[in-house]
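Colleague: Can you read through this structure? Questions will come right after.
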Protein chains: 2
Amino acid sequence: MRDSVRELTVDLGERAYPIIIGQDLLGNYDLTPFVQGSQVMIVTNETVAPLYLESALACFPGKQVDTVVLPDGEKFKDWQTLNQIFDRLLEMRHSRKTTLVALGGGVVGDMTGFAAASYQRGVPFIQIPTTLLSQVDSSVGGKTGINHPLGKNMIGAFHQPEVVLIDTDSLRTLPPREVSAGLAEVIKYGLIRDTDFLGWLEQEIAALVNLDTAALVEAIYRSCACKADVVALDEREGGLRAILNLGHTFGHAIETFAGYGNWLHGEAVGTGMMMAADLSLRQGMISEQERARAIRLIERAKLPDLAPAGMTPDDFHRLMAVDKKNVDGSLRLVLLRALGDAVVTDEVDALELDATLRAFCVTADGVTT
Amino acid sequence: MRDSVRELTVDLGERAYPIIIGQDLLGNYDLTPFVQGSQVMIVTNETVAPLYLESALACFPGKQVDTVVLPDGEKFKDWQTLNQIFDRLLEMRHSRKTTLVALGGGVVGDMTGFAAASYQRGVPFIQIPTTLLSQVDSSVGGKTGINHPLGKNMIGAFHQPEVVLIDTDSLRTLPPREVSAGLAEVIKYGLIRDTDFLGWLEQEIAALVNLDTAALVEAIYRSCACKADVVALDEREGGLRAILNLGHTFGHAIETFAGYGNWLHGEAVGTGMMMAADLSLRQGMISEQERARAIRLIERAKLPDLAPAGMTPDDFHRLMAVDKKNVDGSLRLVLLRALGDAVVTDEVDALELDATLRAFCVTADGVTT
């Protein structure tokens, strides 16, 4: 089963690390070469633990492995839950040579990564992402953090893992909505930077929705490679890396409006990318055909094509104002100059933006505003 | 008044920054060249604000300057208080280009630095330390963080400031106990690495206790220079930097036993350094004369020479076990091979350690155990 393992390196100089992608890795792959000390703390959640915790334990033979099981959900991505990790580390007397392991989706990864960045001012960590979204997104980039009541991911750190282990078998237990949410980020890489990959996705999107293993390995590999390219060029998010936020400013507003966790992050990003494509057309940057092609692919991934019921353009304006993509108060968005060519711009036409917001908002009786 | 300004650079490559030391700087020194964006958030506490906040505001002409005033004390060095900084930053819509300013002692500096390290995954910060301890200790090294109920400074980050501004006039309002606590760290630099400075301190200790300005500028400059040397050689505390923890393992145990804030950090370190000198003698590393010379200098700085009343050797053992200087469970201490030559060692003789602990512990009726 191991002959199809693919590996790529995220090239960040002394913080470079490998991503290992394949089938049937959990429970079989020895991760101890990536552990410096004798202690390991696996952080997971109540949903993932019964499925994969035992297999994950088998990846660390000969180590003192402790575990902490968090409640599941974006709404627990807060200080109180993060503190459960610190409590456990201190109760079990983990030294500053311990290694943290994130076993789960993006929330577990972000919190475990931030715990690792902050425990005794920084310890190593390993990611074992079990959702498609976390495999193609948080595997690369080193972003970690928690939410604040006034904004998502407002408190965190950049902290790179020692290694990322991606077992595509873990997607078998993923609800279809979460598969679609992950595909939103996969499609994003095609839209922002890789027209070849975009064409491949248009061929394979049905296979991906149906969890075809070969297609998944290829999509995850190409997504991680694309993100790794961008991050290596701009580790601290000074410029280029901002294109990875295509759809995210709209998406964060949607998530905040819906209440953390009611819309999946990837679902909100999917709709947000449709909105970005729509605004790119209205600002004369792409053609009607390009807009339609982008929206069609996102729809075929079974992602929502309208903002949450009841959300208004005013809600978007209010919620986008605190989004961290704004620099010194001006609205900054990622738009498309072409399919496969994203650009960060402060030049957002207010009237065209309103037109896009109206086009994606529905009133309580189902009519767009 | 400005002709006596001294400046040194903490040489950390692209994170190098200046420390500016002198009289009458607060309210006069323009810090805006160190501010990248348009927003500044000054973090201070209820004790310092009435004394120096207005002067600090005058250091940032033309900027949007907001302020947050925290309660004063080590016992507030926790997540709840840290979160007041995040609340204020988000309420006032500070972007990721904001600059945080720590105006106060070590607690304000540590919390503001960690807030800066974590707000939107990292923003710049400036330190204006107003206590002697924070001027000679937390000015250099980039250590930031908060306490956890199970241990001091267990949650934090390494985050370097843009600049440190030290106004010796701010020491005029410092209680004598805090002057002594600061002198403990000053003496530490002499003990661990600089016999010339140690000789100078034996000449000038009375002048320092009496807040002689010229002596203070010299002592602060040489302390920061010593720490900067050590930190530049070992930014992430891999090896050499650990000698800066002379007296700290004993000291942290004392602080935890006494309850955060009841003993000042520097007071606990002062007693801890006496204990380290005592153990160094017992392990045959220094002479009786060297031990006496170290203890005498610390006493002349008016620092306590016994552990808190009621603290037992068992308390030390219990509280030192969770101290972060332990690697994989073995006790690691900083001892003296000579005055001016500290060494980190795992080779602690258990019987000699017990003898030292007994020598510094007093029972409830005032008799050493």
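Naming works like this for the structure tokens: A, B, ... for the chains as they're shown, residue 1 at the start of each chain, ligands 1 onward in shown order.
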For chain B, report every residue with an atom at most 10 Å from chain A (counting only C-alpha atoms), formatted as number ranges by chain.

Modeller: B: 37-39, 79-80, 83, 86-87, 90-98, 114-122, 143-146, 148-159, 236, 321-329

Colleague: Show me, as a ChimeraX atom specification, the residues that have an atom within 6 Å of region 24-27 of chain A when counting only C-alpha atoms, minus same-chain residues fewer than 5 positions from it.

Modeller: /A:55-56,58-59,167

Colleague: If you count only C-alpha atoms, which residues fall within 10 Å of Val348 (chain A), apart from same-chain ones fewer than 3 positions away, as a short mmCIF file (atom, residue, chain, number, x, y, z; two decimals) with C-alpha atoms, in the first residue's frame?

Modeller:
```cif
data_model
loop_
_atom_site.label_atom_id
_atom_site.label_comp_id
_atom_site.auth_asym_id
_atom_site.auth_seq_id
_atom_site.Cartn_x
_atom_site.Cartn_y
_atom_site.Cartn_z
CA LEU A 279 -16.49 41.49 -8.75
CA SER A 280 -13.50 40.82 -11.02
CA GLN A 283 -14.34 45.71 -12.49
CA SER A 330 -8.72 50.71 3.47
CA LEU A 331 -10.48 47.66 2.02
CA ARG A 332 -8.06 45.27 0.35
CA LEU A 333 -9.33 42.36 -1.73
CA VAL A 334 -7.90 39.56 -3.82
CA LEU A 335 -9.36 39.65 -7.34
CA THR A 345 -5.76 45.34 -4.78
CA LEU A 351 -20.54 50.70 -6.56
CA GLU A 352 -19.38 47.47 -8.21
CA LEU A 353 -18.73 45.97 -4.79
#
```

Colleague: How many Å separate CA of Tyr52 (chain A) from CA of Ser180 (chain A)?

Modeller: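 Rounded to one decimal, the two atoms are 21.6 Å apart.
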
Colleague: Write out as a short mmCIF file (atom, residue, chain, number, x, y, z; two decimals) with C-alpha atoms, in the first residue's frame the set of residues from region 127-358 of chain B that DSSP, computed on the backbone, places in alpha helix (DSSP H).

Modeller:
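See selection-v2.cif below for the written result:
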```cif
data_model
loop_
_atom_site.label_atom_id
_atom_site.label_comp_id
_atom_site.auth_asym_id
_atom_site.auth_seq_id
_atom_site.Cartn_x
_atom_site.Cartn_y
_atom_site.Cartn_z
CA LEU B 132 15.36 48.88 37.18
CA LEU B 133 14.66 45.16 36.87
CA SER B 134 12.92 45.51 33.53
CA GLN B 135 15.55 47.96 32.28
CA VAL B 136 18.42 45.54 32.85
CA PRO B 176 13.38 50.89 47.46
CA ARG B 177 12.45 47.19 47.43
CA GLU B 178 12.13 47.34 43.65
CA VAL B 179 15.49 49.10 43.32
CA SER B 180 17.07 46.25 45.25
CA ALA B 181 15.24 43.70 43.14
CA GLY B 182 16.69 45.30 40.01
CA LEU B 183 20.15 45.32 41.50
CA ALA B 184 19.91 41.55 41.94
CA GLU B 185 19.92 41.16 38.16
CA VAL B 186 22.67 43.77 37.79
CA ILE B 187 24.84 41.79 40.22
CA LYS B 188 23.99 38.64 38.29
CA TYR B 189 25.81 39.91 35.19
CA GLY B 190 28.93 40.47 37.22
CA LEU B 191 28.69 37.01 38.78
CA ILE B 192 28.12 35.07 35.59
CA ARG B 193 30.46 36.73 33.12
CA THR B 195 34.65 40.16 37.00
CA ASP B 196 35.59 43.77 36.15
CA PHE B 197 31.97 44.79 36.46
CA LEU B 198 31.72 42.82 39.71
CA GLY B 199 34.61 44.86 41.13
CA TRP B 200 32.98 48.09 39.95
CA LEU B 201 29.71 47.05 41.60
CA GLU B 202 31.48 46.42 44.93
CA GLN B 203 32.67 50.06 44.73
CA GLU B 204 29.38 51.55 43.57
CA ILE B 205 26.68 49.45 45.24
CA ALA B 206 25.86 52.15 47.80
CA ALA B 207 25.59 54.81 45.08
CA LEU B 208 23.26 52.54 43.14
CA VAL B 209 21.05 51.88 46.15
CA THR B 213 22.25 58.91 38.11
CA ALA B 214 25.71 58.45 36.64
CA ALA B 215 26.12 55.12 38.41
CA LEU B 216 22.69 54.00 37.22
CA VAL B 217 23.39 54.84 33.57
CA GLU B 218 26.69 52.94 33.76
CA ALA B 219 25.17 49.93 35.53
CA ILE B 220 22.23 49.74 33.12
CA TYR B 221 24.50 50.13 30.09
CA ARG B 222 26.91 47.42 31.23
CA SER B 223 24.09 45.07 32.26
CA CYS B 224 22.33 45.42 28.92
CA ALA B 225 25.63 45.04 27.05
CA CYS B 226 26.43 41.87 28.97
CA LYS B 227 23.02 40.37 28.34
CA ALA B 228 23.12 41.47 24.70
CA ASP B 229 26.42 39.65 24.23
CA VAL B 230 25.01 36.46 25.65
CA VAL B 231 21.74 36.69 23.74
CA ALA B 232 23.43 37.52 20.42
CA LEU B 233 25.47 34.34 20.83
CA HIS B 248 16.34 31.57 38.85
CA THR B 249 15.47 27.94 39.49
CA PHE B 250 15.64 28.51 43.23
CA GLY B 251 14.06 31.92 42.70
CA HIS B 252 11.07 30.64 40.74
CA ALA B 253 10.41 28.08 43.46
CA ILE B 254 10.48 30.89 46.04
CA GLU B 255 8.14 33.08 44.00
CA THR B 256 5.69 30.24 43.47
CA PHE B 257 5.75 29.29 47.15
CA ALA B 258 5.25 32.88 48.27
CA HIS B 265 11.15 38.46 41.16
CA GLY B 266 14.51 40.15 41.79
CA GLU B 267 14.31 39.47 45.51
CA ALA B 268 13.76 35.79 44.83
CA VAL B 269 16.62 35.79 42.32
CA GLY B 270 18.85 37.52 44.87
CA THR B 271 18.26 34.78 47.42
CA GLY B 272 18.48 32.20 44.64
CA MET B 273 21.92 33.47 43.62
CA MET B 274 23.08 33.19 47.23
CA MET B 275 21.86 29.59 47.19
CA ALA B 276 23.67 28.93 43.89
CA ALA B 277 26.89 30.38 45.35
CA ASP B 278 26.41 28.25 48.46
CA LEU B 279 25.89 25.08 46.40
CA SER B 280 28.86 25.98 44.18
CA LEU B 281 31.04 26.02 47.30
CA ARG B 282 29.59 22.75 48.57
CA GLU B 288 34.65 30.00 50.87
CA GLN B 289 35.98 33.52 50.15
CA GLU B 290 34.24 33.67 46.77
CA ARG B 291 30.97 32.49 48.29
CA ALA B 292 31.25 35.16 51.00
CA ARG B 293 32.06 37.88 48.48
CA ALA B 294 29.02 37.02 46.34
CA ILE B 295 26.66 36.84 49.30
CA ARG B 296 28.01 40.06 50.79
CA LEU B 297 27.43 42.04 47.61
CA ILE B 298 23.87 40.73 47.32
CA GLU B 299 23.23 41.61 50.97
CA ARG B 300 24.58 45.15 50.43
CA PRO B 313 13.45 21.83 51.36
CA ASP B 314 10.54 19.63 50.24
CA ASP B 315 8.76 22.72 48.91
CA PHE B 316 11.84 23.51 46.85
CA HIS B 317 12.02 19.97 45.46
CA ARG B 318 8.36 19.96 44.55
CA LEU B 319 8.39 23.40 42.92
CA MET B 320 11.68 23.02 41.09
CA ALA B 350 21.63 15.55 45.82
CA LEU B 351 23.14 15.61 49.33
CA GLU B 352 24.88 18.95 48.79
CA LEU B 353 21.69 20.37 47.29
CA ASP B 354 19.80 19.32 50.41
CA ALA B 355 22.44 20.96 52.58
CA THR B 356 22.01 24.22 50.66
CA LEU B 357 18.21 24.03 50.87
CA ARG B 358 18.37 23.43 54.64
#
```

Colleague: When you count only C-alpha atoms, which of these residues is closest to Thr168 (chain A): A:Gly340, A:Pro129, A:Pro33, A:Gly109?

Modeller: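 For Thr168 (chain A), the nearest of the candidates is A:Pro129.
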
Colleague: Take CA of Ile286 (chain A) and CA of Val343 (chain A) and report the distance between them in Å, one decimal.

Modeller: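 Pair CA of Ile286 (chain A) / CA of Val343 (chain A) returns 12.0 Å.
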
Colleague: Give me the residues near Ile20 (chain A) as a list of chain:residue names, where near means some atom within 9 Å (using only C-alpha atoms) and where sequence neighbours in that chain fewer than 5 positions away do not count.

Modeller: A:Val5, A:Arg6, A:Glu7, A:Leu8, A:Thr9, A:Val163, A:Val164, A:Leu165, A:Ile166, A:Asp167

Colleague: Per DSSP on the backbone, filter region 100-237 of chain A down to the residues in strand (DSSP E) and report them as a list in words.

Modeller: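 Residues of region 100-237 of chain A classed as strand (DSSP E): Leu100, Val101, Ala102, Leu103, Gly104, Phe125, Ile126, Gln127, Ile128, Pro129, Lys143, Thr144, Gly145, Ile146, Asn147, His148, Gly151, Lys152, Asn153, Met154, Ile155, Gly156, Ala157, Phe158, Val164, Leu165, Ile166 and Asp167 of chain A.
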
Colleague: Kindly give the distance, in Å, that separates CA of Leu82 (chain A) and CA of Val108 (chain A), rounded to a single decimal.

Modeller: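 These atoms are spaced 9.5 Å apart.
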